[in-house]
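Source file: my_file-v4.cif; contents: mmCIF, C-alpha atoms.
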data_coords
loop_
_atom_site.label_atom_id
_atom_site.label_comp_id
_atom_site.auth_asym_id
_atom_site.auth_seq_id
_atom_site.Cartn_x
_atom_site.Cartn_y
_atom_site.Cartn_z
CA MET Q 1441 -224.73 -54.29 80.78
CA ALA Q 1442 -221.22 -52.94 80.61
CA PRO Q 1443 -219.64 -56.23 79.46
CA LEU Q 1444 -222.25 -56.48 76.68
CA GLU Q 1445 -221.51 -52.91 75.57
CA ASP Q 1446 -217.79 -53.70 75.56
CA ARG Q 1447 -218.38 -56.74 73.34
CA MET Q 1448 -220.53 -54.73 70.93
CA ARG Q 1449 -217.85 -52.04 70.77
CA ARG Q 1450 -215.24 -54.63 69.89
CA LEU Q 1451 -217.48 -55.90 67.09
CA ARG Q 1452 -217.38 -52.40 65.57
CA HIS Q 1453 -213.61 -52.47 65.30
CA PRO Q 1454 -212.07 -51.74 61.85
CA ALA Q 1455 -209.65 -54.66 62.17
CA LEU Q 1456 -212.57 -57.09 62.36
CA LEU Q 1457 -214.19 -55.61 59.27
CA LEU Q 1458 -210.93 -55.63 57.29
CA TYR Q 1459 -210.26 -59.23 58.27
CA PHE Q 1460 -213.41 -60.38 56.45
CA LEU Q 1461 -213.64 -57.66 53.79
CA SER Q 1462 -210.35 -58.56 52.11
CA PRO Q 1463 -211.34 -62.15 51.19
CA ILE Q 1464 -214.87 -61.01 50.31
CA VAL Q 1465 -213.54 -58.60 47.68
CA ALA Q 1466 -210.62 -60.72 46.46
CA GLU Q 1467 -212.30 -64.14 46.34
CA LEU Q 1468 -216.08 -63.95 46.74
CA LEU Q 1469 -216.96 -60.90 44.64
CA SER Q 1470 -214.41 -61.75 41.95
CA GLY Q 1471 -215.90 -65.23 41.56
CA SER Q 1472 -212.62 -66.96 42.36
CA ALA Q 1473 -214.45 -68.58 45.27
CA PRO Q 1474 -218.23 -68.55 44.61
CA PRO Q 1475 -220.58 -68.74 47.62
CA ALA Q 1476 -220.77 -72.54 47.62
CA GLU Q 1477 -216.98 -72.68 47.90
CA PHE Q 1478 -216.35 -69.51 49.91
CA PHE Q 1479 -218.69 -70.49 52.76
CA ASN Q 1480 -217.39 -74.03 53.03
CA PRO Q 1481 -216.09 -73.98 56.64
CA PHE Q 1482 -212.54 -75.09 55.81
CA THR Q 1483 -212.21 -72.74 52.82
CA PHE Q 1484 -213.73 -69.85 54.76
CA ILE Q 1485 -211.27 -70.24 57.64
CA LEU Q 1486 -208.32 -70.59 55.26
CA LEU Q 1487 -209.24 -67.60 53.07
CA THR Q 1488 -210.02 -65.25 55.95
CA ALA Q 1489 -206.83 -66.23 57.75
CA PHE Q 1490 -204.78 -65.69 54.59
CA TYR Q 1491 -206.27 -62.48 53.20
CA GLY Q 1492 -207.41 -61.00 56.48
CA SER Q 1493 -204.12 -61.38 58.29
CA ALA Q 1494 -202.20 -60.03 55.28
CA ALA Q 1495 -204.40 -56.93 54.97
CA LEU Q 1496 -204.09 -56.25 58.70
CA VAL Q 1497 -200.30 -56.61 58.61
CA VAL Q 1498 -200.01 -54.30 55.59
CA ARG Q 1499 -202.21 -51.63 57.15
CA GLU Q 1500 -200.38 -51.78 60.45
CA LEU Q 1501 -196.93 -51.61 58.86
CA THR Q 1502 -198.01 -48.61 56.80
CA PHE Q 1503 -199.34 -46.88 59.89
CA ARG Q 1504 -196.27 -47.60 62.03
CA TRP Q 1505 -193.91 -46.47 59.28
CA ARG Q 1506 -195.96 -43.26 58.86
CA LYS Q 1507 -196.42 -43.87 55.16
CA GLY Q 1508 -199.32 -43.60 52.71
CA TRP Q 1509 -201.05 -45.34 49.82
CA PRO Q 1510 -197.96 -45.96 47.66
CA THR Q 1511 -196.57 -48.05 50.52
CA VAL Q 1512 -199.87 -49.93 50.78
CA LEU Q 1513 -199.72 -50.80 47.08
CA ILE Q 1514 -196.07 -51.85 47.15
CA LEU Q 1515 -196.65 -54.05 50.19
CA GLY Q 1516 -199.68 -55.37 48.30
CA LEU Q 1517 -197.41 -56.33 45.42
CA ALA Q 1518 -195.23 -58.17 47.92
CA TYR Q 1519 -198.30 -59.97 49.24
CA GLY Q 1520 -199.23 -61.02 45.72
CA ILE Q 1521 -195.86 -62.72 45.38
CA VAL Q 1522 -196.24 -64.32 48.82
CA GLU Q 1523 -199.62 -65.82 47.94
CA GLU Q 1524 -199.13 -66.84 44.33
CA GLY Q 1525 -195.40 -67.48 44.39
CA LEU Q 1526 -194.61 -68.89 47.81
CA ALA Q 1527 -197.94 -70.29 49.03
CA VAL Q 1528 -200.01 -71.72 46.16
CA LYS Q 1529 -197.05 -71.64 43.69
CA SER Q 1530 -199.24 -70.69 40.72
CA PHE Q 1531 -196.37 -68.54 39.42
CA PHE Q 1532 -194.51 -71.73 38.57
CA ASP Q 1533 -197.08 -74.52 38.26
CA PRO Q 1534 -197.98 -75.05 34.55
CA ALA Q 1535 -201.07 -77.05 35.56
CA TRP Q 1536 -202.54 -74.54 38.03
CA ILE Q 1537 -206.32 -74.78 37.70
CA ASP Q 1538 -206.99 -71.11 36.85
CA LEU Q 1539 -204.25 -70.62 34.27
CA GLY Q 1540 -205.97 -71.61 31.05
CA PRO Q 1541 -203.80 -70.44 28.11
CA LEU Q 1542 -201.50 -68.62 30.53
CA GLY Q 1543 -199.95 -71.98 31.39
CA VAL Q 1544 -198.27 -71.79 27.97
CA TYR Q 1545 -198.53 -68.14 26.91
CA GLY Q 1546 -195.72 -66.20 28.56
CA ARG Q 1547 -194.17 -69.21 30.26
CA TRP Q 1548 -190.38 -69.15 30.26
CA ALA Q 1549 -187.72 -70.70 32.51
CA GLY Q 1550 -190.38 -72.41 34.60
CA VAL Q 1551 -192.34 -69.22 35.37
CA ASN Q 1552 -195.79 -68.17 34.16
CA TRP Q 1553 -194.70 -64.56 33.64
CA VAL Q 1554 -197.89 -62.94 32.35
CA TRP Q 1555 -200.00 -64.66 34.99
CA SER Q 1556 -197.47 -63.70 37.68
CA ALA Q 1557 -197.49 -60.01 36.73
CA GLY Q 1558 -201.28 -59.86 36.45
CA LEU Q 1559 -202.01 -61.64 39.73
CA THR Q 1560 -199.41 -59.64 41.63
CA LEU Q 1561 -201.07 -56.40 40.55
CA TYR Q 1562 -204.55 -57.83 41.21
CA HIS Q 1563 -203.69 -58.71 44.79
CA ALA Q 1564 -202.07 -55.33 45.44
CA VAL Q 1565 -205.19 -53.45 44.36
CA PHE Q 1566 -208.14 -55.74 45.11
CA SER Q 1567 -206.90 -57.94 47.96
CA ILE Q 1568 -205.08 -55.25 49.94
CA ALA Q 1569 -205.57 -51.60 48.94
CA ILE Q 1570 -209.31 -51.53 48.21
CA PRO Q 1571 -210.36 -53.41 51.39
CA ILE Q 1572 -208.18 -51.11 53.51
CA LEU Q 1573 -209.63 -48.04 51.80
CA LEU Q 1574 -213.19 -49.26 52.29
CA THR Q 1575 -212.53 -49.93 55.96
CA CYS Q 1576 -211.10 -46.45 56.45
CA LEU Q 1577 -214.11 -44.89 54.78
CA ILE Q 1578 -216.41 -46.75 57.17
CA PHE Q 1579 -214.28 -45.95 60.25
CA PRO Q 1580 -212.92 -42.43 59.59
CA ASP Q 1581 -212.29 -41.78 63.29
CA TRP Q 1582 -209.82 -44.71 63.33
CA VAL Q 1583 -207.64 -43.35 60.54
CA ASP Q 1584 -204.94 -42.02 62.85
CA ARG Q 1585 -205.06 -44.85 65.38
CA PRO Q 1586 -203.44 -48.28 65.42
CA TRP Q 1587 -205.81 -51.13 64.69
CA LEU Q 1588 -203.66 -53.79 66.33
CA SER Q 1589 -201.68 -53.90 69.53
CA ARG Q 1590 -198.08 -55.06 69.31
CA ARG Q 1591 -199.14 -58.45 70.58
CA THR Q 1592 -201.97 -58.92 68.07
CA PHE Q 1593 -199.75 -57.61 65.26
CA ARG Q 1594 -197.22 -60.35 66.03
CA LEU Q 1595 -200.09 -62.87 66.28
CA TRP Q 1596 -201.46 -62.07 62.82
CA SER Q 1597 -197.96 -62.06 61.36
CA VAL Q 1598 -197.49 -65.59 62.68
CA VAL Q 1599 -200.91 -66.63 61.35
CA LEU Q 1600 -199.95 -65.32 57.91
CA ALA Q 1601 -196.65 -67.21 57.98
CA LEU Q 1602 -198.36 -70.44 59.07
CA VAL Q 1603 -201.00 -70.19 56.33
CA VAL Q 1604 -198.29 -69.64 53.71
CA LEU Q 1605 -196.39 -72.67 54.99
CA PHE Q 1606 -199.54 -74.81 55.06
CA CYS Q 1607 -200.51 -73.89 51.49
CA ASN Q 1608 -196.99 -74.47 50.22
CA LEU Q 1609 -196.76 -77.92 51.73
CA PHE Q 1610 -200.30 -79.29 51.43
CA LEU Q 1611 -202.43 -77.35 48.95
CA THR Q 1612 -200.86 -78.86 45.83
CA ALA Q 1613 -198.28 -81.54 45.17
CA TYR Q 1614 -196.34 -79.34 42.73
CA ARG Q 1615 -192.82 -78.49 43.89
CA PRO Q 1616 -190.96 -75.77 41.97
CA PRO Q 1617 -187.16 -75.56 42.06
CA TRP Q 1618 -185.84 -74.03 45.27
CA THR Q 1619 -184.18 -71.30 43.22
CA HIS Q 1620 -187.60 -70.08 42.05
CA LEU Q 1621 -188.87 -69.89 45.62
CA ALA Q 1622 -185.69 -68.13 46.72
CA LEU Q 1623 -186.03 -65.51 43.99
CA ALA Q 1624 -189.68 -64.98 44.90
CA GLY Q 1625 -188.68 -64.51 48.53
CA ALA Q 1626 -185.98 -62.04 47.49
CA ALA Q 1627 -188.56 -60.07 45.49
CA VAL Q 1628 -190.81 -59.90 48.56
CA LEU Q 1629 -187.95 -58.60 50.71
CA GLY Q 1630 -186.98 -56.07 48.03
CA LEU Q 1631 -190.50 -54.70 47.78
CA GLY Q 1632 -190.75 -54.55 51.56
CA LEU Q 1633 -187.56 -52.49 51.75
CA MET Q 1634 -188.81 -50.24 48.97
CA ALA Q 1635 -192.07 -49.66 50.81
CA ARG Q 1636 -190.17 -48.91 54.03
CA LYS Q 1637 -187.80 -46.45 52.35
CA LEU Q 1638 -190.40 -44.41 50.49
CA PRO Q 1639 -190.45 -40.77 51.60
CA GLN Q 1640 -193.17 -39.89 54.05
CA THR Q 1641 -194.64 -37.35 51.66
CA LEU Q 1642 -194.24 -37.52 47.91
CA PRO Q 1643 -193.83 -34.47 45.66
CA LEU Q 1644 -196.78 -33.51 43.50
CA ASP Q 1645 -196.71 -32.53 39.89
CA SER Q 1646 -198.11 -29.01 40.01
CA VAL Q 1647 -199.99 -29.51 36.74
CA VAL Q 1648 -201.97 -32.50 38.01
CA ARG Q 1649 -205.68 -31.70 38.01
CA LEU Q 1650 -207.93 -33.93 40.06
CA ARG Q 1651 -211.13 -34.58 38.20
CA ARG Q 1652 -214.60 -34.68 39.70
CA PRO Q 1653 -215.55 -37.89 41.52
CA ARG Q 1654 -217.83 -39.00 38.69
CA ALA Q 1655 -215.00 -38.74 36.16
CA LEU Q 1656 -212.68 -40.59 38.53
CA PHE Q 1657 -215.32 -43.32 38.90
CA TRP Q 1658 -215.39 -43.99 35.16
CA ARG Q 1659 -211.61 -43.80 34.82
CA SER Q 1660 -211.24 -46.36 37.60
CA PHE Q 1661 -213.82 -48.60 35.90
CA ALA Q 1662 -212.00 -48.32 32.57
CA ALA Q 1663 -208.63 -49.05 34.21
CA THR Q 1664 -209.99 -52.26 35.73
CA ILE Q 1665 -211.40 -53.38 32.40
CA GLY Q 1666 -208.05 -52.60 30.77
CA LEU Q 1667 -206.19 -54.68 33.35
CA PHE Q 1668 -208.37 -57.75 32.82
CA VAL Q 1669 -208.44 -57.40 29.05
CA THR Q 1670 -204.64 -57.37 29.14
CA LEU Q 1671 -204.55 -60.45 31.37
CA TRP Q 1672 -207.26 -62.60 29.77
CA ALA Q 1673 -207.88 -61.35 26.22
CA LEU Q 1674 -204.40 -60.64 24.85
CA PRO Q 1675 -203.13 -64.20 25.47
CA ASN Q 1676 -205.73 -65.33 22.92
CA THR Q 1677 -204.32 -63.05 20.23
CA PRO Q 1678 -201.12 -63.14 18.14
CA ILE Q 1679 -199.63 -60.41 20.37
CA PRO Q 1680 -196.26 -61.66 21.72
CA PRO Q 1681 -196.10 -62.42 25.46
CA GLY Q 1682 -193.34 -59.85 25.90
CA VAL Q 1683 -195.66 -57.06 24.78
CA THR Q 1684 -198.39 -58.24 27.14
CA LEU Q 1685 -195.88 -58.42 29.98
CA ILE Q 1686 -194.70 -54.86 29.30
CA LEU Q 1687 -198.33 -53.72 29.43
CA MET Q 1688 -198.73 -55.48 32.79
CA PHE Q 1689 -195.76 -53.62 34.23
CA ALA Q 1690 -197.16 -50.41 32.75
CA TRP Q 1691 -200.47 -51.03 34.55
CA ALA Q 1692 -198.58 -51.53 37.83
CA GLY Q 1693 -196.73 -48.26 37.33
CA ILE Q 1694 -199.97 -46.43 36.51
CA PHE Q 1695 -201.71 -47.67 39.66
CA VAL Q 1696 -198.80 -46.78 41.96
CA CYS Q 1697 -198.22 -43.38 40.33
CA ALA Q 1698 -201.93 -42.61 40.52
CA ALA Q 1699 -201.87 -43.34 44.25
CA CYS Q 1700 -198.86 -41.04 44.65
CA ARG Q 1701 -200.38 -38.18 42.72
CA LEU Q 1702 -204.06 -38.37 43.64
CA THR Q 1703 -204.11 -39.08 47.36
CA LYS Q 1704 -201.75 -36.17 48.08
CA HIS Q 1705 -203.69 -33.78 45.85
CA ALA Q 1706 -205.21 -30.72 47.46
CA ALA Q 1707 -208.67 -31.67 46.17
CA TRP Q 1708 -208.58 -35.33 47.27
CA SER Q 1709 -211.63 -36.13 49.39
CA ARG Q 1710 -213.67 -39.04 50.64
CA SER Q 1711 -215.99 -38.58 47.68
CA HIS Q 1712 -213.04 -39.17 45.35
CA ALA Q 1713 -212.01 -42.23 47.35
CA VAL Q 1714 -215.51 -43.72 47.15
CA ALA Q 1715 -215.64 -43.00 43.41
CA ALA Q 1716 -212.28 -44.64 42.76
CA VAL Q 1717 -213.07 -47.83 44.66
CA SER Q 1718 -216.65 -48.05 43.33
CA GLY Q 1719 -215.47 -47.74 39.74
CA ALA Q 1720 -212.96 -50.55 40.24
CA LEU Q 1721 -215.50 -52.87 41.89
CA LEU Q 1722 -218.25 -52.11 39.37
CA PHE Q 1723 -216.46 -54.42 36.94
CA PHE Q 1724 -216.98 -57.39 39.27
CA VAL Q 1725 -220.53 -56.33 40.20
CA LEU Q 1726 -221.47 -56.47 36.52
CA LEU Q 1727 -219.45 -59.62 35.83
CA ALA Q 1728 -220.86 -61.73 38.68
CA PRO Q 1729 -224.36 -62.37 37.22
CA VAL Q 1730 -222.83 -63.15 33.82
CA ALA Q 1731 -220.43 -65.62 35.43
CA GLN Q 1732 -223.32 -67.33 37.20
CA LEU Q 1733 -225.08 -67.94 33.88
CA ASP Q 1734 -222.00 -69.43 32.21
CA PRO Q 1735 -223.05 -72.98 31.24
CA GLN Q 1736 -219.42 -74.06 30.81
CA ALA Q 1737 -218.33 -73.09 34.32
CA ALA Q 1738 -216.54 -75.92 36.08
CA ASP Q 1739 -217.61 -74.82 39.58
CA ASN Q 1740 -220.96 -74.04 41.22
CA ARG Q 1741 -221.52 -70.31 40.76
CA SER Q 1742 -225.02 -70.08 42.14
CA GLY Q 1743 -225.50 -67.07 44.38
CA MET Q 1744 -223.10 -64.77 42.52
CA THR Q 1745 -226.00 -62.49 41.52
CA TRP Q 1746 -226.83 -62.00 45.20
CA VAL Q 1747 -223.18 -61.24 45.94
CA ALA Q 1748 -223.17 -58.59 43.21
CA LEU Q 1749 -226.44 -57.11 44.48
CA GLY Q 1750 -225.12 -56.95 48.03
CA MET Q 1751 -221.90 -55.24 46.97
CA GLY Q 1752 -223.79 -52.80 44.76
CA LEU Q 1753 -226.11 -51.79 47.61
CA PHE Q 1754 -223.12 -51.48 49.93
CA LEU Q 1755 -221.33 -49.11 47.53
CA ILE Q 1756 -224.48 -47.00 47.12
CA TRP Q 1757 -224.79 -46.76 50.90
CA LEU Q 1758 -221.11 -45.85 51.21
CA GLU Q 1759 -221.40 -43.10 48.59
CA ARG Q 1760 -224.42 -41.56 50.33
CA ARG Q 1761 -222.80 -41.84 53.73
CA ASN Q 1762 -219.67 -40.02 52.60
CA ARG Q 1763 -221.62 -37.40 50.69
CA ARG Q 1764 -222.79 -35.87 53.97
CA PRO Q 1765 -220.74 -33.03 55.51
CA ILE Q 1766 -217.98 -34.36 57.74
CA PRO Q 1767 -216.99 -32.67 61.03
CA ASP Q 1768 -213.65 -30.89 60.97
CA ALA Q 1769 -212.27 -33.33 63.52
CA GLU Q 1770 -212.73 -36.16 61.00
CA ALA Q 1771 -211.77 -34.24 57.86
CA ASP Q 1772 -208.65 -36.23 57.00
CA PRO Q 1773 -208.11 -38.32 53.89
CA PRO Q 1774 -208.71 -42.05 54.36
CA MET Q 1775 -205.83 -43.90 56.01
CA ASP Q 1776 -203.03 -41.52 55.07
CA PRO Q 1777 -200.94 -41.36 58.26
CA ALA Q 1778 -198.64 -38.56 57.10
CA PRO Q 1779 -197.83 -35.51 59.23
CA VAL Q 1780 -200.80 -33.29 59.96
CA ASP Q 1781 -199.54 -30.41 57.81
CA SER Q 1782 -199.47 -32.64 54.74
CA ARG Q 1783 -202.99 -33.99 55.10
CA ILE Q 1784 -205.80 -32.87 52.88
CA ALA Q 1785 -209.19 -31.89 54.21
CA ALA Q 1786 -212.04 -33.82 52.71
#
Any chance you could put this one into structure tokens?
Amino acid sequence: MAPLEDRMRRLRHPALLLYFLSPIVAELLSGSAPPAEFFNPFTFILLTAFYGSAALVVRELTFRWRKGWPTVLILGLAYGIVEEGLAVKSFFDPAWIDLGPLGVYGRWAGVNWVWSAGLTLYHAVFSIAIPILLTCLIFPDWVDRPWLSRRTFRLWSVVLALVVLFCNLFLTAYRPPWTHLALAGAAVLGLGLMARKLPQTLPLDSVVRLRRPRALFWRSFAATIGLFVTLWALPNTPIPPGVTLILMFAWAGIFVCAACRLTKHAAWSRSHAVAAVSGALLFFVLLAPVAQLDPQAADNRSGMTWVALGMGLFLIWLERRNRRPIPDAEADPPMDPAPVDSRIAA
């Protein structure tokens, strides 16, 4: 009986949940990889290895450096460059399948600049930060514990590197100039150093007022809509690409600053965390059934309504679960491994 109990305990490990949750949010829920594609054995193994290993590495680095959510987001930006710039090379490929007008709009010096900015921010928030936050909300007693041993951390780092190399060499035949790849690599290193050098605790603006969870929910929902309108709607207008690109950088600054100011706020709680992540994901929950009904879709989007329903029920369950009173021993904010005296009770 004991070996069976040990196996069941391992299955309730946050690292296992995060490994699958990251690709589910980033690819399945978003519709980038609908169920027919996502659950193809080869695609499933590739996506989980890519997203899952990256999310685990980011969480573990943040924990070991004793940092917080700003570091998660900055490392997420670095991951966005790793995936889209170094692995699949969509930053540079003018014929990348998902580009649409962005293959021309905002392209300069061999780089799809608007697409690059939008996808980098998308991966930071939806591929890395939100899955980590969801996992911490489900496993609050693991917040202040490592999720990987040193050996498994090195293993997943190697897996991530191998997946990046595989995608770069075999996923598409497009080969950008080596200077582009070198600059992308330099940007990744620069963001990594920035994330490492961030102060352990960040100063708060004393006039910041944290709104109620419901208000934060709707603000998060509106911010997600704004991000995707900027990425997909503005390129179809006469607005110059430079203006759209400035707005993209502004969105990135808003997300990082919000993480700095909100998660260190004296009123920050699990209810606020659930509201923020639910508002962001509501956009995709509502979009999924519409995408399934699109008659002009090039891929098979059947099952997206069920994906949206499943995520909606999961978020409702999560909100009710975190609405209950939490014992003092667990009353720490999700995944913020700062010194005890700087933590905020839920």
So that I can check the surroundings of Gly1666 of chain Q, please list as JSON, numbers by chain every protein, DNA and RNA residue that reaches within 10 Å of it, counting all atoms listed in the file and ignoring chain neighbours fewer than 5 positions away.
{"Q": [1660, 1661, 1671, 1673, 1687, 1688, 1691]}
Just to be explicit: take each residue in the selection above, keep C-alpha atoms, and write the result as a tab-separated table (two decimals), in the coordinates of the input.
chain	number	residue	atom	x	y	z
Q	1660	SER	CA	-211.24	-46.36	37.60
Q	1661	PHE	CA	-213.82	-48.60	35.90
Q	1671	LEU	CA	-204.55	-60.45	31.37
Q	1673	ALA	CA	-207.88	-61.35	26.22
Q	1687	LEU	CA	-198.33	-53.72	29.43
Q	1688	MET	CA	-198.73	-55.48	32.79
Q	1691	TRP	CA	-200.47	-51.03	34.55
Output the residue selection produced by the PyMOL selection byres ((chain Q and resi 1460) around 10) on the file above, formatted as a VMD selection string.
chain Q and resid 1455 to 1459 1461 to 1465 1484 1487 to 1489 1491 to 1493 1495 1571
Restricting the output to C-alpha atoms, write the selected residues as a PDB file, keeping the file's coordinate frame.
ATOM      1  CA  ALA Q1455    -209.650 -54.660  62.170  1.00  0.00           C
ATOM      2  CA  LEU Q1456    -212.570 -57.090  62.360  1.00  0.00           C
ATOM      3  CA  LEU Q1457    -214.190 -55.610  59.270  1.00  0.00           C
ATOM      4  CA  LEU Q1458    -210.930 -55.630  57.290  1.00  0.00           C
ATOM      5  CA  TYR Q1459    -210.260 -59.230  58.270  1.00  0.00           C
ATOM      6  CA  LEU Q1461    -213.640 -57.660  53.790  1.00  0.00           C
ATOM      7  CA  SER Q1462    -210.350 -58.560  52.110  1.00  0.00           C
ATOM      8  CA  PRO Q1463    -211.340 -62.150  51.190  1.00  0.00           C
ATOM      9  CA  ILE Q1464    -214.870 -61.010  50.310  1.00  0.00           C
ATOM     10  CA  VAL Q1465    -213.540 -58.600  47.680  1.00  0.00           C
ATOM     11  CA  PHE Q1484    -213.730 -69.850  54.760  1.00  0.00           C
ATOM     12  CA  LEU Q1487    -209.240 -67.600  53.070  1.00  0.00           C
ATOM     13  CA  THR Q1488    -210.020 -65.250  55.950  1.00  0.00           C
ATOM     14  CA  ALA Q1489    -206.830 -66.230  57.750  1.00  0.00           C
ATOM     15  CA  TYR Q1491    -206.270 -62.480  53.200  1.00  0.00           C
ATOM     16  CA  GLY Q1492    -207.410 -61.000  56.480  1.00  0.00           C
ATOM     17  CA  SER Q1493    -204.120 -61.380  58.290  1.00  0.00           C
ATOM     18  CA  ALA Q1495    -204.400 -56.930  54.970  1.00  0.00           C
ATOM     19  CA  PRO Q1571    -210.360 -53.410  51.390  1.00  0.00           C
TER      20      PRO Q1571
END
Select, counting all atoms listed in the file, all protein, DNA and RNA residues no farther than 9 Å from (-219.8, -44.0, 52.1) in file coordinates, and express the selection as a VMD selection string.
chain Q and resid 1574 1577 to 1578 1710 to 1711 1714 1754 to 1764
Go ahead and write the residues just picked, C-alpha atoms, as a PDB file, keeping the file's coordinate frame.
ATOM      1  CA  LEU Q1574    -213.190 -49.260  52.290  1.00  0.00           C
ATOM      2  CA  LEU Q1577    -214.110 -44.890  54.780  1.00  0.00           C
ATOM      3  CA  ILE Q1578    -216.410 -46.750  57.170  1.00  0.00           C
ATOM      4  CA  ARG Q1710    -213.670 -39.040  50.640  1.00  0.00           C
ATOM      5  CA  SER Q1711    -215.990 -38.580  47.680  1.00  0.00           C
ATOM      6  CA  VAL Q1714    -215.510 -43.720  47.150  1.00  0.00           C
ATOM      7  CA  PHE Q1754    -223.120 -51.480  49.930  1.00  0.00           C
ATOM      8  CA  LEU Q1755    -221.330 -49.110  47.530  1.00  0.00           C
ATOM      9  CA  ILE Q1756    -224.480 -47.000  47.120  1.00  0.00           C
ATOM     10  CA  TRP Q1757    -224.790 -46.760  50.900  1.00  0.00           C
ATOM     11  CA  LEU Q1758    -221.110 -45.850  51.210  1.00  0.00           C
ATOM     12  CA  GLU Q1759    -221.400 -43.100  48.590  1.00  0.00           C
ATOM     13  CA  ARG Q1760    -224.420 -41.560  50.330  1.00  0.00           C
ATOM     14  CA  ARG Q1761    -222.800 -41.840  53.730  1.00  0.00           C
ATOM     15  CA  ASN Q1762    -219.670 -40.020  52.600  1.00  0.00           C
ATOM     16  CA  ARG Q1763    -221.620 -37.400  50.690  1.00  0.00           C
ATOM     17  CA  ARG Q1764    -222.790 -35.870  53.970  1.00  0.00           C
TER      18      ARG Q1764
END
For Gly1508 of chain Q, which residue out of Q:Gly1558, Q:Pro1639, Q:Gly1471, Q:Pro1454 is the nearest one, using all atoms listed in the file?
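Using all atoms listed in the file, Gly1508 of chain Q sits closest to Q:Pro1639.
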Which residues come within 8 Å of Ala1476 of chain Q, counting all atoms listed in the file, excluding same-chain residues fewer than 4 positions away, as a count of residues only?
5
For a cutoff of 12 Å around the file-coordinate point (-196.1, -61.4, 23.4), which residues qualify once you count all atoms listed in the file? I'd like the result as a list in words.
Leu1542, Val1544, Tyr1545, Gly1546, Arg1547, Trp1548, Trp1553, Val1554, Thr1670, Leu1671, Leu1674, Pro1675, Asn1676, Thr1677, Pro1678, Ile1679, Pro1680, Pro1681, Gly1682, Val1683, Thr1684, Leu1685, Ile1686, Leu1687 and Met1688 of chain Q
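In this structure, atom CA of Trp1555 of chain Q sits 17.0 Å away from atom CA of Tyr1614 of chain Q.
Nearest to Val1598 of chain Q of all the residues Q:Leu1561, Q:Ala1737, Q:Val1497, Q:Leu1629 is Q:Val1497, counting all atoms listed in the file.
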Close residues, Trp1618 of chain Q itself excluded, 12 Å, all atoms listed in the file, min 2 positions apart in chain, as a list in words
Gly1525, Leu1526, Lys1529, Phe1532, Gly1550, Arg1615, Pro1616, His1620, Leu1621, Ala1622, Leu1623, Ala1624 and Gly1625 of chain Q
Using atom CA of Ala1663 of chain Q and atom CA of Ala1692 of chain Q as the two end points, give the distance in Å to one decimal.
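According to the coordinates, atom CA of Ala1663 of chain Q and atom CA of Ala1692 of chain Q are separated by 11.0 Å.
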Translate the PyMOL selection byres ((chain Q and resi 1726) around 12) into a concrete residue list for this structure, as a list in words.
Leu1469, Ser1470, Gly1471, Phe1661, Ile1665, Ser1718, Gly1719, Ala1720, Leu1721, Leu1722, Phe1723, Phe1724, Val1725, Leu1727, Ala1728, Pro1729, Val1730, Ala1731, Gln1732, Met1744, Thr1745, Trp1746, Val1747, Ala1748, Leu1749, Met1751 and Gly1752 of chain Q
One number please: atom CA of Leu1517 of chain Q to atom CA of Leu1501 of chain Q, in Å, one decimal.
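Taking atom CA of Leu1517 of chain Q as the start and atom CA of Leu1501 of chain Q as the end point, the length is 14.3 Å.
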Evaluating the PyMOL selection byres ((chain Q and resi 1633) around 12) on the displayed file yields which residues, as a ChimeraX atom specification?
/Q:1501,1505,1511,1514-1515,1518,1626-1632,1634-1638
